[in-house]
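A.B. asks: This is query_24.tsv, which holds TSV, C-alpha atoms and all ligand atoms:
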chain	number	residue	atom	x	y	z
A	1	MET	CA	85.94	148.06	51.04
A	2	ALA	CA	89.27	147.14	52.58
A	3	ILE	CA	89.74	143.38	52.68
A	4	GLN	CA	90.85	142.19	56.14
A	5	LYS	CA	89.50	138.71	56.72
A	6	VAL	CA	90.37	136.15	54.09
A	7	GLY	CA	88.94	132.68	53.57
A	8	VAL	CA	90.45	129.95	51.41
A	9	ILE	CA	88.61	126.85	50.22
A	10	GLY	CA	90.98	123.92	49.79
A	11	CYS	CA	94.37	123.49	51.43
A	12	GLY	CA	96.05	121.52	48.65
A	13	LEU	CA	99.04	122.59	46.62
A	14	MET	CA	97.61	126.01	45.74
A	15	GLY	CA	95.31	126.66	48.70
A	16	SER	CA	98.10	126.12	51.24
A	17	GLY	CA	100.33	128.57	49.35
A	18	ILE	CA	97.58	131.19	49.17
A	19	VAL	CA	96.90	130.79	52.90
A	20	GLN	CA	100.61	131.20	53.64
A	21	VAL	CA	101.20	134.35	51.58
A	22	ALA	CA	98.04	136.00	52.91
A	23	ALA	CA	99.07	135.22	56.52
A	24	GLN	CA	102.62	136.45	55.85
A	25	ALA	CA	101.14	139.74	54.68
A	26	GLY	CA	99.29	140.01	58.01
A	27	PHE	CA	95.77	139.00	56.93
A	28	ASP	CA	93.54	136.98	59.23
A	29	VAL	CA	93.14	133.74	57.24
A	30	ARG	CA	90.75	130.82	57.66
A	31	VAL	CA	91.04	127.75	55.44
A	32	ARG	CA	88.46	125.04	54.87
A	33	GLU	CA	89.25	121.46	53.86
A	34	VAL	CA	86.98	118.46	53.37
A	35	SER	CA	88.46	116.43	56.23
A	36	ASP	CA	90.81	116.77	59.19
A	37	GLU	CA	93.29	114.56	57.36
A	38	PHE	CA	93.53	116.91	54.35
A	39	LEU	CA	93.59	119.93	56.64
A	40	THR	CA	96.49	118.55	58.68
A	41	LYS	CA	98.37	117.72	55.49
A	42	GLY	CA	97.84	121.20	54.02
A	43	LEU	CA	98.75	123.06	57.21
A	44	GLY	CA	101.79	120.78	57.54
A	45	ARG	CA	102.93	121.93	54.09
A	46	ILE	CA	102.82	125.55	55.28
A	47	ASP	CA	104.71	124.70	58.47
A	48	LYS	CA	107.39	122.88	56.46
A	49	PHE	CA	107.82	125.77	54.01
A	50	LEU	CA	108.15	128.31	56.82
A	51	GLN	CA	110.53	126.05	58.76
A	52	GLY	CA	112.71	125.94	55.63
A	53	GLY	CA	112.85	129.74	55.82
A	54	VAL	CA	113.87	129.56	59.50
A	55	ASP	CA	116.54	126.95	58.77
A	56	LYS	CA	117.99	129.12	56.00
A	57	GLY	CA	117.99	132.17	58.27
A	58	LYS	CA	115.39	134.02	56.15
A	59	MET	CA	112.99	134.34	59.11
A	60	THR	CA	113.11	133.82	62.85
A	61	ALA	CA	111.18	131.16	64.77
A	62	GLU	CA	109.14	134.03	66.29
A	63	GLN	CA	108.23	135.33	62.83
A	64	LYS	CA	107.18	131.83	61.80
A	65	ALA	CA	104.99	131.54	64.91
A	66	GLN	CA	103.50	134.98	64.15
A	67	VAL	CA	102.53	133.86	60.61
A	68	LEU	CA	101.02	130.60	61.88
A	69	SER	CA	99.01	132.50	64.51
A	70	LYS	CA	97.17	134.26	61.65
A	71	ILE	CA	95.93	130.95	60.23
A	72	ALA	CA	92.94	128.91	61.40
A	73	GLY	CA	91.82	125.67	59.81
A	74	THR	CA	88.30	124.29	59.66
A	75	THR	CA	86.23	121.63	57.95
A	76	LYS	CA	83.03	123.69	58.26
A	77	LEU	CA	82.02	125.93	55.38
A	78	GLU	CA	79.89	128.05	57.78
A	79	ASP	CA	83.14	129.30	59.31
A	80	MET	CA	83.52	131.48	56.20
A	81	LYS	CA	80.57	133.64	57.26
A	82	ASP	CA	82.59	136.65	58.45
A	83	ARG	CA	85.13	136.68	55.58
A	84	ASP	CA	85.58	139.75	53.33
A	85	LEU	CA	87.18	137.71	50.55
A	86	VAL	CA	86.89	133.95	49.98
A	87	ILE	CA	89.29	132.38	47.49
A	88	GLU	CA	88.27	128.99	46.16
A	89	ALA	CA	91.20	126.64	45.40
A	90	ALA	CA	89.44	123.27	45.28
A	91	ILE	CA	89.49	120.65	42.54
A	92	GLU	CA	89.36	121.80	38.88
A	93	ASN	CA	85.78	120.70	38.28
A	94	ILE	CA	82.93	123.06	37.48
A	95	ALA	CA	80.27	121.12	39.43
A	96	ALA	CA	82.49	121.17	42.54
A	97	LYS	CA	83.08	124.92	42.14
A	98	HIS	CA	79.33	125.63	41.74
A	99	GLU	CA	78.66	123.61	44.88
A	100	VAL	CA	81.26	125.58	46.87
A	101	PHE	CA	79.99	128.99	45.73
A	102	ALA	CA	76.32	128.06	46.31
A	103	ALA	CA	77.18	127.06	49.88
A	104	LEU	CA	79.27	130.22	50.40
A	105	ASP	CA	76.45	132.37	48.98
A	106	ALA	CA	74.20	131.04	51.71
A	107	VAL	CA	76.59	131.72	54.61
A	108	CYS	CA	78.60	134.83	53.64
A	109	GLY	CA	77.49	138.45	53.93
A	110	PRO	CA	76.21	140.24	50.80
A	111	ASN	CA	79.39	142.35	50.54
A	112	ALA	CA	81.78	139.43	50.62
A	113	ILE	CA	83.85	139.00	47.48
A	114	PHE	CA	84.33	135.53	45.99
A	115	ALA	CA	87.30	134.55	43.86
A	116	SER	CA	88.27	131.37	42.07
A	117	ASN	CA	91.83	130.21	41.51
A	118	THR	CA	90.68	128.11	38.53
A	119	SER	CA	93.19	127.74	35.73
A	120	SER	CA	90.72	127.12	32.93
A	121	LEU	CA	87.06	127.02	33.99
A	122	SER	CA	84.65	129.84	33.16
A	123	ILE	CA	84.56	132.56	35.83
A	124	THR	CA	81.49	133.96	34.05
A	125	GLU	CA	79.65	130.66	34.51
A	126	MET	CA	80.58	130.51	38.20
A	127	ALA	CA	79.55	134.13	38.78
A	128	ALA	CA	76.27	133.82	36.87
A	129	LYS	CA	75.17	130.94	39.12
A	130	THR	CA	75.62	132.92	42.33
A	131	LYS	CA	73.42	135.61	43.86
A	132	ARG	CA	76.35	138.04	43.53
A	133	PRO	CA	77.50	137.87	39.88
A	134	ALA	CA	79.22	141.26	40.10
A	135	ARG	CA	81.26	140.14	43.11
A	136	LEU	CA	82.93	136.97	41.81
A	137	VAL	CA	86.25	137.26	39.96
A	138	GLY	CA	89.20	135.11	38.96
A	139	LEU	CA	92.31	135.33	41.12
A	140	HIS	CA	94.78	133.02	39.43
A	141	PHE	CA	97.95	132.30	41.41
A	142	PHE	CA	101.00	130.37	40.23
A	143	ASN	CA	102.75	127.39	41.74
A	144	PRO	CA	104.59	127.52	44.13
A	145	VAL	CA	102.51	130.44	45.40
A	146	PRO	CA	105.06	131.72	47.98
A	147	LEU	CA	107.72	132.02	45.26
A	148	MET	CA	105.85	133.00	42.11
A	149	THR	CA	105.16	136.72	41.97
A	150	LEU	CA	102.31	136.81	39.43
A	151	VAL	CA	98.55	136.85	39.95
A	152	GLU	CA	96.11	137.11	37.04
A	153	VAL	CA	93.01	139.10	38.01
A	154	VAL	CA	90.17	137.97	35.78
A	155	ARG	CA	87.02	139.95	35.05
A	156	THR	CA	83.71	138.86	33.59
A	157	PRO	CA	81.21	141.09	31.76
A	158	MET	CA	79.33	141.43	35.08
A	159	THR	CA	82.27	142.35	37.35
A	160	ASP	CA	81.93	145.46	39.52
A	161	GLU	CA	84.93	147.81	39.00
A	162	ALA	CA	85.15	148.43	42.77
A	163	VAL	CA	85.51	144.68	43.37
A	164	LEU	CA	88.33	144.53	40.81
A	165	ALA	CA	90.05	147.41	42.59
A	166	ASP	CA	89.68	145.65	45.97
A	167	VAL	CA	91.09	142.30	44.81
A	168	THR	CA	93.89	144.01	42.88
A	169	ALA	CA	94.85	145.92	46.05
A	170	PHE	CA	94.74	142.63	48.01
A	171	ALA	CA	96.99	140.87	45.48
A	172	GLN	CA	99.47	143.73	45.63
A	173	LYS	CA	99.44	143.74	49.45
A	174	ILE	CA	100.49	140.08	49.46
A	175	GLY	CA	103.43	141.00	47.25
A	176	LYS	CA	102.17	139.93	43.85
A	177	THR	CA	102.31	141.67	40.49
A	178	VAL	CA	98.91	141.78	38.82
A	179	VAL	CA	98.14	141.08	35.18
A	180	SER	CA	94.51	141.76	34.18
A	181	ALA	CA	92.72	139.41	31.83
A	182	GLN	CA	89.29	138.90	30.35
A	183	ASP	CA	87.54	135.65	31.22
A	184	THR	CA	88.62	133.04	28.65
A	185	PRO	CA	90.01	129.53	29.32
A	186	GLY	CA	93.66	129.73	30.33
A	187	PHE	CA	93.58	133.55	30.61
A	188	VAL	CA	97.01	134.76	29.42
A	189	VAL	CA	99.66	132.47	30.85
A	190	ASN	CA	98.03	129.04	30.50
A	191	ARG	CA	96.68	129.89	27.04
A	192	LEU	CA	100.32	130.01	25.97
A	193	LEU	CA	101.86	127.52	28.42
A	194	VAL	CA	99.47	124.53	28.27
A	195	PRO	CA	99.88	123.78	24.51
A	196	PHE	CA	103.67	123.94	25.04
A	197	LEU	CA	103.53	121.45	27.95
A	198	LEU	CA	101.24	119.11	26.00
A	199	ASP	CA	103.65	119.25	23.05
A	200	ALA	CA	106.51	118.24	25.35
A	201	ILE	CA	104.49	115.10	26.26
A	202	ARG	CA	103.90	114.43	22.54
A	203	VAL	CA	107.63	114.73	21.88
A	204	LEU	CA	108.31	112.16	24.62
A	205	GLU	CA	105.43	109.95	23.45
A	206	SER	CA	106.69	109.85	19.86
A	207	GLY	CA	110.20	108.83	20.97
A	208	VAL	CA	112.00	111.94	19.74
A	209	ALA	CA	114.04	112.25	22.95
A	210	SER	CA	114.26	111.05	26.56
A	211	ARG	CA	112.55	112.90	29.43
A	212	GLU	CA	115.95	114.20	30.57
A	213	ASP	CA	116.93	115.45	27.11
A	214	ILE	CA	113.59	117.20	26.58
A	215	ASP	CA	113.95	119.01	29.90
A	216	GLU	CA	117.63	119.78	29.42
A	217	GLY	CA	116.96	121.06	25.90
A	218	MET	CA	114.39	123.62	27.04
A	219	LYS	CA	116.49	124.66	30.07
A	220	ARG	CA	119.71	125.24	28.19
A	221	GLY	CA	118.27	126.11	24.80
A	222	CYS	CA	115.56	128.51	25.94
A	223	GLY	CA	116.72	129.54	29.41
A	224	HIS	CA	113.67	128.04	31.14
A	225	PRO	CA	114.26	127.54	34.89
A	226	MET	CA	112.95	123.96	34.64
A	227	GLY	CA	112.10	121.62	31.81
A	228	PRO	CA	108.45	121.09	30.73
A	229	LEU	CA	108.17	117.52	32.05
A	230	THR	CA	109.50	118.56	35.46
A	231	LEU	CA	107.10	121.50	35.43
A	232	LEU	CA	104.22	119.15	34.61
A	233	ASP	CA	105.17	117.01	37.62
A	234	PHE	CA	105.08	120.12	39.82
A	235	VAL	CA	101.76	121.41	38.45
A	236	GLY	CA	100.14	117.96	38.81
A	237	LEU	CA	99.30	115.71	35.86
A	238	ASP	CA	95.68	115.35	37.00
A	239	THR	CA	95.27	119.13	37.14
A	240	THR	CA	96.90	119.53	33.71
A	241	TYR	CA	94.63	116.83	32.29
A	242	TYR	CA	91.50	118.63	33.55
A	243	ILE	CA	92.76	121.94	32.19
A	244	ALA	CA	93.62	120.51	28.75
A	245	ASN	CA	90.17	118.93	28.43
A	246	ILE	CA	88.45	122.18	29.34
A	247	MET	CA	90.55	124.20	26.88
A	248	PHE	CA	89.98	121.65	24.11
A	249	ASP	CA	86.22	121.73	24.75
A	250	GLU	CA	86.23	125.50	24.43
A	251	PHE	CA	88.59	126.09	21.49
A	252	LYS	CA	88.31	122.74	19.62
A	253	GLU	CA	91.95	123.06	18.61
A	254	PRO	CA	94.07	119.82	18.59
A	255	ARG	CA	96.94	121.59	20.34
A	256	PHE	CA	94.84	121.72	23.53
A	257	ALA	CA	93.85	118.02	23.39
A	258	PRO	CA	95.48	115.92	26.16
A	259	PRO	CA	97.87	113.34	24.67
A	260	PRO	CA	97.02	109.65	25.38
A	261	LEU	CA	100.17	109.30	27.52
A	262	LEU	CA	98.92	112.00	29.89
A	263	LYS	CA	95.55	110.28	30.24
A	264	LYS	CA	97.21	106.91	30.92
A	265	MET	CA	99.46	108.38	33.61
A	266	VAL	CA	96.50	110.07	35.32
A	267	LEU	CA	94.50	106.84	35.24
A	268	ALA	CA	97.50	105.02	36.75
A	269	GLY	CA	97.52	107.52	39.63
A	270	TRP	CA	100.84	109.05	38.56
A	271	HIS	CA	99.87	112.63	39.33
A	272	GLY	CA	103.38	114.06	39.57
A	273	LYS	CA	105.43	115.13	42.56
A	274	LYS	CA	102.47	115.18	44.97
A	275	SER	CA	101.78	111.47	44.36
A	276	GLY	CA	105.45	110.43	44.33
A	277	ARG	CA	105.49	109.63	40.62
A	278	GLY	CA	104.95	111.49	37.37
A	279	PHE	CA	107.43	111.80	34.54
A	280	TYR	CA	110.05	111.36	37.29
A	281	GLU	CA	110.04	109.49	40.59
A	282	TYR	CA	110.00	111.35	43.95
A	283	ALA	CA	110.73	110.15	47.45
A	284	LYS	CA	107.53	110.30	49.51
B	301	LIG	N1	98.56	123.11	40.52
B	301	LIG	C1	98.82	124.25	39.91
B	301	LIG	O1	99.96	124.53	39.47
B	301	LIG	C2	97.74	125.29	39.80
B	301	LIG	C3	98.08	126.59	39.43
B	301	LIG	C4	97.09	127.59	39.38
B	301	LIG	C5	95.77	127.24	39.66
B	301	LIG	N2	95.46	125.96	40.00
B	301	LIG	C6	94.05	125.67	40.31
B	301	LIG	O2	93.91	125.66	41.72
B	301	LIG	C7	92.88	124.74	42.10
B	301	LIG	C8	93.46	123.75	43.10
B	301	LIG	O3	94.54	123.07	42.50
B	301	LIG	P1	95.64	122.31	43.38
B	301	LIG	O4	96.78	122.06	42.47
B	301	LIG	O5	95.85	123.04	44.67
B	301	LIG	O6	94.88	120.93	43.67
B	301	LIG	P2	95.10	119.92	44.90
B	301	LIG	O7	94.51	118.64	44.45
B	301	LIG	O8	96.50	119.95	45.37
B	301	LIG	O9	94.20	120.57	46.07
B	301	LIG	C9	92.81	120.69	46.03
B	301	LIG	C10	92.31	120.56	47.47
B	301	LIG	O10	90.97	121.02	47.53
B	301	LIG	C11	90.31	120.22	48.49
B	301	LIG	N3	88.86	120.34	48.26
B	301	LIG	C12	88.12	119.77	47.28
B	301	LIG	N4	86.82	120.15	47.41
B	301	LIG	C13	86.76	120.97	48.49
B	301	LIG	C14	85.71	121.66	49.16
B	301	LIG	N5	84.45	121.58	48.74
B	301	LIG	N6	86.02	122.39	50.26
B	301	LIG	C15	87.31	122.48	50.70
B	301	LIG	N7	88.32	121.84	50.12
B	301	LIG	C16	88.06	121.09	49.04
B	301	LIG	C17	90.87	118.83	48.29
B	301	LIG	O11	90.68	118.03	49.44
B	301	LIG	C18	92.35	119.14	48.01
B	301	LIG	O12	93.12	119.12	49.19
B	301	LIG	C19	92.38	124.10	40.80
B	301	LIG	O13	91.25	124.81	40.35
B	301	LIG	C20	93.56	124.30	39.84
B	301	LIG	O14	93.18	124.33	38.49
B	301	LIG	C21	96.40	124.97	40.09
Can I see the file as structure tokens?

C.D. replies:
Amino acid sequence: MAIQKVGVIGCGLMGSGIVQVAAQAGFDVRVREVSDEFLTKGLGRIDKFLQGGVDKGKMTAEQKAQVLSKIAGTTKLEDMKDRDLVIEAAIENIAAKHEVFAALDAVCGPNAIFASNTSSLSITEMAAKTKRPARLVGLHFFNPVPLMTLVEVVRTPMTDEAVLADVTAFAQKIGKTVVSAQDTPGFVVNRLLVPFLLDAIRVLESGVASREDIDEGMKRGCGHPMGPLTLLDFVGLDTTYYIANIMFDEFKEPRFAPPPLLKKMVLAGWHGKKSGRGFYEYAK
């Protein structure tokens, strides 16, 4: 089956990026948010990113308009009924994901493929709860989606090989390089990255060095494009906190346990760049 019509659930940090890259590749994209307010905010993020491209001379105003014409926003889940592929990019919470897929199961055609952009939750558990366990896979994008070229395609023991081939072809059409992984919390990249990020918080927490020195050390000493505390602010501290808890629950290894400082910051509403404050402060 050739995927033509794409649906995205959630127009937050990740959902808006997925919508944008799919539209830029020429797919007909429909995105669902919980309210008009969130929808306007998410679509505004896409507009701003594309306008940046126009301002830098990377695309014309006509090309920007062409991309935007491929995108439709909605707050109704029923509007996903004609989609070939629906990618869920809502909050990192298993109950919320089950709710989304149950609702999609009821409105989408039997051949529609479902994918979750989860960073750490069980794809197998999500798939098993639907009426189409062979047609739900992981499609794990990286932030910022328009700039990061990797997608992890995640299979469960039930996944249909033809579905894997279809989503892999889709990911390649939107310009991404695919890495295949078995379903396990964190897949490949986060399994390695999350303990490193949590350790950076522990280093700060124990007073070894300042936030700036930790970031500068990893940039200049290891050639990382940004330091771990800056990266955490970009990923979102709330999202990282959910992921760490899920990975700790699964593996029971202390290196996956969220440090108390992370929990405190999340409770304080310091969720990183998107909230204006994380390890650093950001102008709103
Ligand atoms: N932030 C990252 O770097 C990153 C990277 C890869 C994967 N992910 C995963 O992507 C998912 C989304 O993360 P994010 O960073 O975009 O979060 P976010 O908080 O920026 O966005 C989530 C959006 O989903 C919306 N939403 C919640 N329930 C919904 C529903 N039922 N229908 C439609 N919209 C709904 C919210 O209103 C919000 O706008 C999570 O599962 C996260 O683990 C995040």

A.B. asks: Would you compute, for all listed atoms of region 5-20 of chain A, the axis-aligned bounding box grown by 6 Å on each side, and then report its centre and edge lengths in Å rounded to one decimal, as JSON?

C.D. replies:
{"center_x": 94.6, "center_y": 130.1, "center_z": 51.2, "size_x": 24.0, "size_y": 29.2, "size_z": 23.0}

A.B. asks: So, with all atoms listed in the file as the atoms that count, which of A:Pro144, A:Gly57, A:Lys48, A:Gly73 lies closest to ligand LIG 301 (chain B)?

C.D. replies: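 Among A:Pro144, A:Gly57, A:Lys48, A:Gly73, it is A:Pro144 that comes nearest to ligand LIG 301 (chain B).
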
A.B. asks: Counting only C-alpha atoms and all ligand atoms, what residues are within 9 Å of ligand LIG 301 (chain B), given as a PyMOL selection string?

C.D. replies: chain A and resi 8-17+31-35+38-39+41-42+75-77+88-94+96-97+99-100+116-121+139-145+231-232+234-240+242-243+274

A.B. asks: Which residue gives the smallest distance to Thr230 (chain A) among A:Glu205, A:Glu281, A:Asp183, A:Asp84, with only C-alpha atoms counted?

C.D. replies: A:Glu281

A.B. asks: Distance CA of Ser206 (chain A)-CA of Ser275 (chain A), one decimal place?

C.D. replies: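 If I compute the distance from CA of Ser206 (chain A) to CA of Ser275 (chain A), I get 25.0 Å.
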
A.B. asks: To one decimal in Å, tell me the separation between CA of Thr159 (chain A) and CA of Leu85 (chain A).

C.D. replies: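 Pair CA of Thr159 (chain A) / CA of Leu85 (chain A) returns 14.8 Å.
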
A.B. asks: By how many Å are CA of Ala244 (chain A) and CA of Val194 (chain A) apart?

C.D. replies: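 Between these atoms lies a distance of 7.1 Å.
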
A.B. asks: Let me make sure I understand: among A:Asn111, A:Ala283, A:Gly44, A:Pro259, which one has the smallest atom-to-atom distance to Asp199 (chain A) if we use only C-alpha atoms?

C.D. replies: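 Smallest distance to Asp199 (chain A) is found for A:Pro259.
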
A.B. asks: Please tell me which residues are no farther than 6 Å from (93.8, 132.9, 48.5) in the file, counting only C-alpha atoms, and write them as a PDB file with C-alpha atoms, keeping the file's coordinate frame.

C.D. replies:
ATOM      1  CA  VAL A   8      90.450 129.950  51.410  1.00  0.00           C
ATOM      2  CA  ILE A  18      97.580 131.190  49.170  1.00  0.00           C
ATOM      3  CA  VAL A  19      96.900 130.790  52.900  1.00  0.00           C
ATOM      4  CA  ILE A  87      89.290 132.380  47.490  1.00  0.00           C
TER       5      ILE A  87
END

A.B. asks: Within 9 Å of Ile214 (chain A), counting all atoms listed in the file, which residues qualify if same-chain residues fewer than 5 places away don't, as a ChimeraX atom specification?

C.D. replies: /A:200,203-204,208-209,219,227-229

A.B. asks: What's the 10 Å shell around Lys70 (chain A), counting all atoms listed in the file, without same-chain residues fewer than 4 positions away, as a ChimeraX atom specification?

C.D. replies: /A:19-20,22-30,65-66

A.B. asks: Find the residue from A:Met126, A:Leu262, A:Val154, A:Leu198 that sits nearest to Met247 (chain A); use all atoms listed in the file when measuring.

C.D. replies: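 Checking each of A:Met126, A:Leu262, A:Val154, A:Leu198 against Met247 (chain A), counting all atoms listed in the file, the winner is A:Leu198.
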
A.B. asks: With the input short on atoms, add N, CA and C atoms back to region 110-124 of chain A and write it as a PDB file, in the coordinates of the input.

C.D. replies:
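Final file, part-v5.pdb:
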ATOM      1  N   PRO A 110      76.429 139.812  52.190  1.00  0.00           N
ATOM      2  CA  PRO A 110      76.210 140.240  50.800  1.00  0.00           C
ATOM      3  C   PRO A 110      77.393 141.013  50.207  1.00  0.00           C
ATOM      4  N   ASN A 111      78.241 141.592  51.059  1.00  0.00           N
ATOM      5  CA  ASN A 111      79.390 142.350  50.540  1.00  0.00           C
ATOM      6  C   ASN A 111      80.647 141.521  50.341  1.00  0.00           C
ATOM      7  N   ALA A 112      80.586 140.267  50.769  1.00  0.00           N
ATOM      8  CA  ALA A 112      81.780 139.430  50.620  1.00  0.00           C
ATOM      9  C   ALA A 112      82.094 139.235  49.135  1.00  0.00           C
ATOM     10  N   ILE A 113      83.388 139.215  48.852  1.00  0.00           N
ATOM     11  CA  ILE A 113      83.850 139.000  47.480  1.00  0.00           C
ATOM     12  C   ILE A 113      84.282 137.542  47.356  1.00  0.00           C
ATOM     13  N   PHE A 114      83.899 136.906  46.262  1.00  0.00           N
ATOM     14  CA  PHE A 114      84.330 135.530  45.990  1.00  0.00           C
ATOM     15  C   PHE A 114      85.334 135.552  44.847  1.00  0.00           C
ATOM     16  N   ALA A 115      86.336 134.668  44.950  1.00  0.00           N
ATOM     17  CA  ALA A 115      87.300 134.550  43.860  1.00  0.00           C
ATOM     18  C   ALA A 115      87.594 133.078  43.629  1.00  0.00           C
ATOM     19  N   SER A 116      87.861 132.739  42.377  1.00  0.00           N
ATOM     20  CA  SER A 116      88.270 131.370  42.070  1.00  0.00           C
ATOM     21  C   SER A 116      89.686 131.371  41.526  1.00  0.00           C
ATOM     22  N   ASN A 117      90.449 130.371  41.979  1.00  0.00           N
ATOM     23  CA  ASN A 117      91.830 130.210  41.510  1.00  0.00           C
ATOM     24  C   ASN A 117      91.868 129.269  40.289  1.00  0.00           C
ATOM     25  N   THR A 118      90.701 129.027  39.676  1.00  0.00           N
ATOM     26  CA  THR A 118      90.680 128.110  38.530  1.00  0.00           C
ATOM     27  C   THR A 118      91.700 128.500  37.470  1.00  0.00           C
ATOM     28  N   SER A 119      92.233 127.478  36.798  1.00  0.00           N
ATOM     29  CA  SER A 119      93.190 127.740  35.730  1.00  0.00           C
ATOM     30  C   SER A 119      92.491 127.812  34.382  1.00  0.00           C
ATOM     31  N   SER A 120      91.299 127.239  34.271  1.00  0.00           N
ATOM     32  CA  SER A 120      90.720 127.120  32.930  1.00  0.00           C
ATOM     33  C   SER A 120      89.199 127.172  32.879  1.00  0.00           C
ATOM     34  N   LEU A 121      88.532 127.027  34.015  1.00  0.00           N
ATOM     35  CA  LEU A 121      87.060 127.020  33.990  1.00  0.00           C
ATOM     36  C   LEU A 121      86.522 128.436  33.863  1.00  0.00           C
ATOM     37  N   SER A 122      85.252 128.539  33.423  1.00  0.00           N
ATOM     38  CA  SER A 122      84.650 129.840  33.160  1.00  0.00           C
ATOM     39  C   SER A 122      84.270 130.565  34.457  1.00  0.00           C
ATOM     40  N   ILE A 123      84.895 131.716  34.669  1.00  0.00           N
ATOM     41  CA  ILE A 123      84.560 132.560  35.830  1.00  0.00           C
ATOM     42  C   ILE A 123      83.144 133.112  35.624  1.00  0.00           C
ATOM     43  N   THR A 124      82.820 133.417  34.373  1.00  0.00           N
ATOM     44  CA  THR A 124      81.490 133.960  34.050  1.00  0.00           C
ATOM     45  C   THR A 124      80.404 132.971  34.466  1.00  0.00           C
TER      46      THR A 124
END
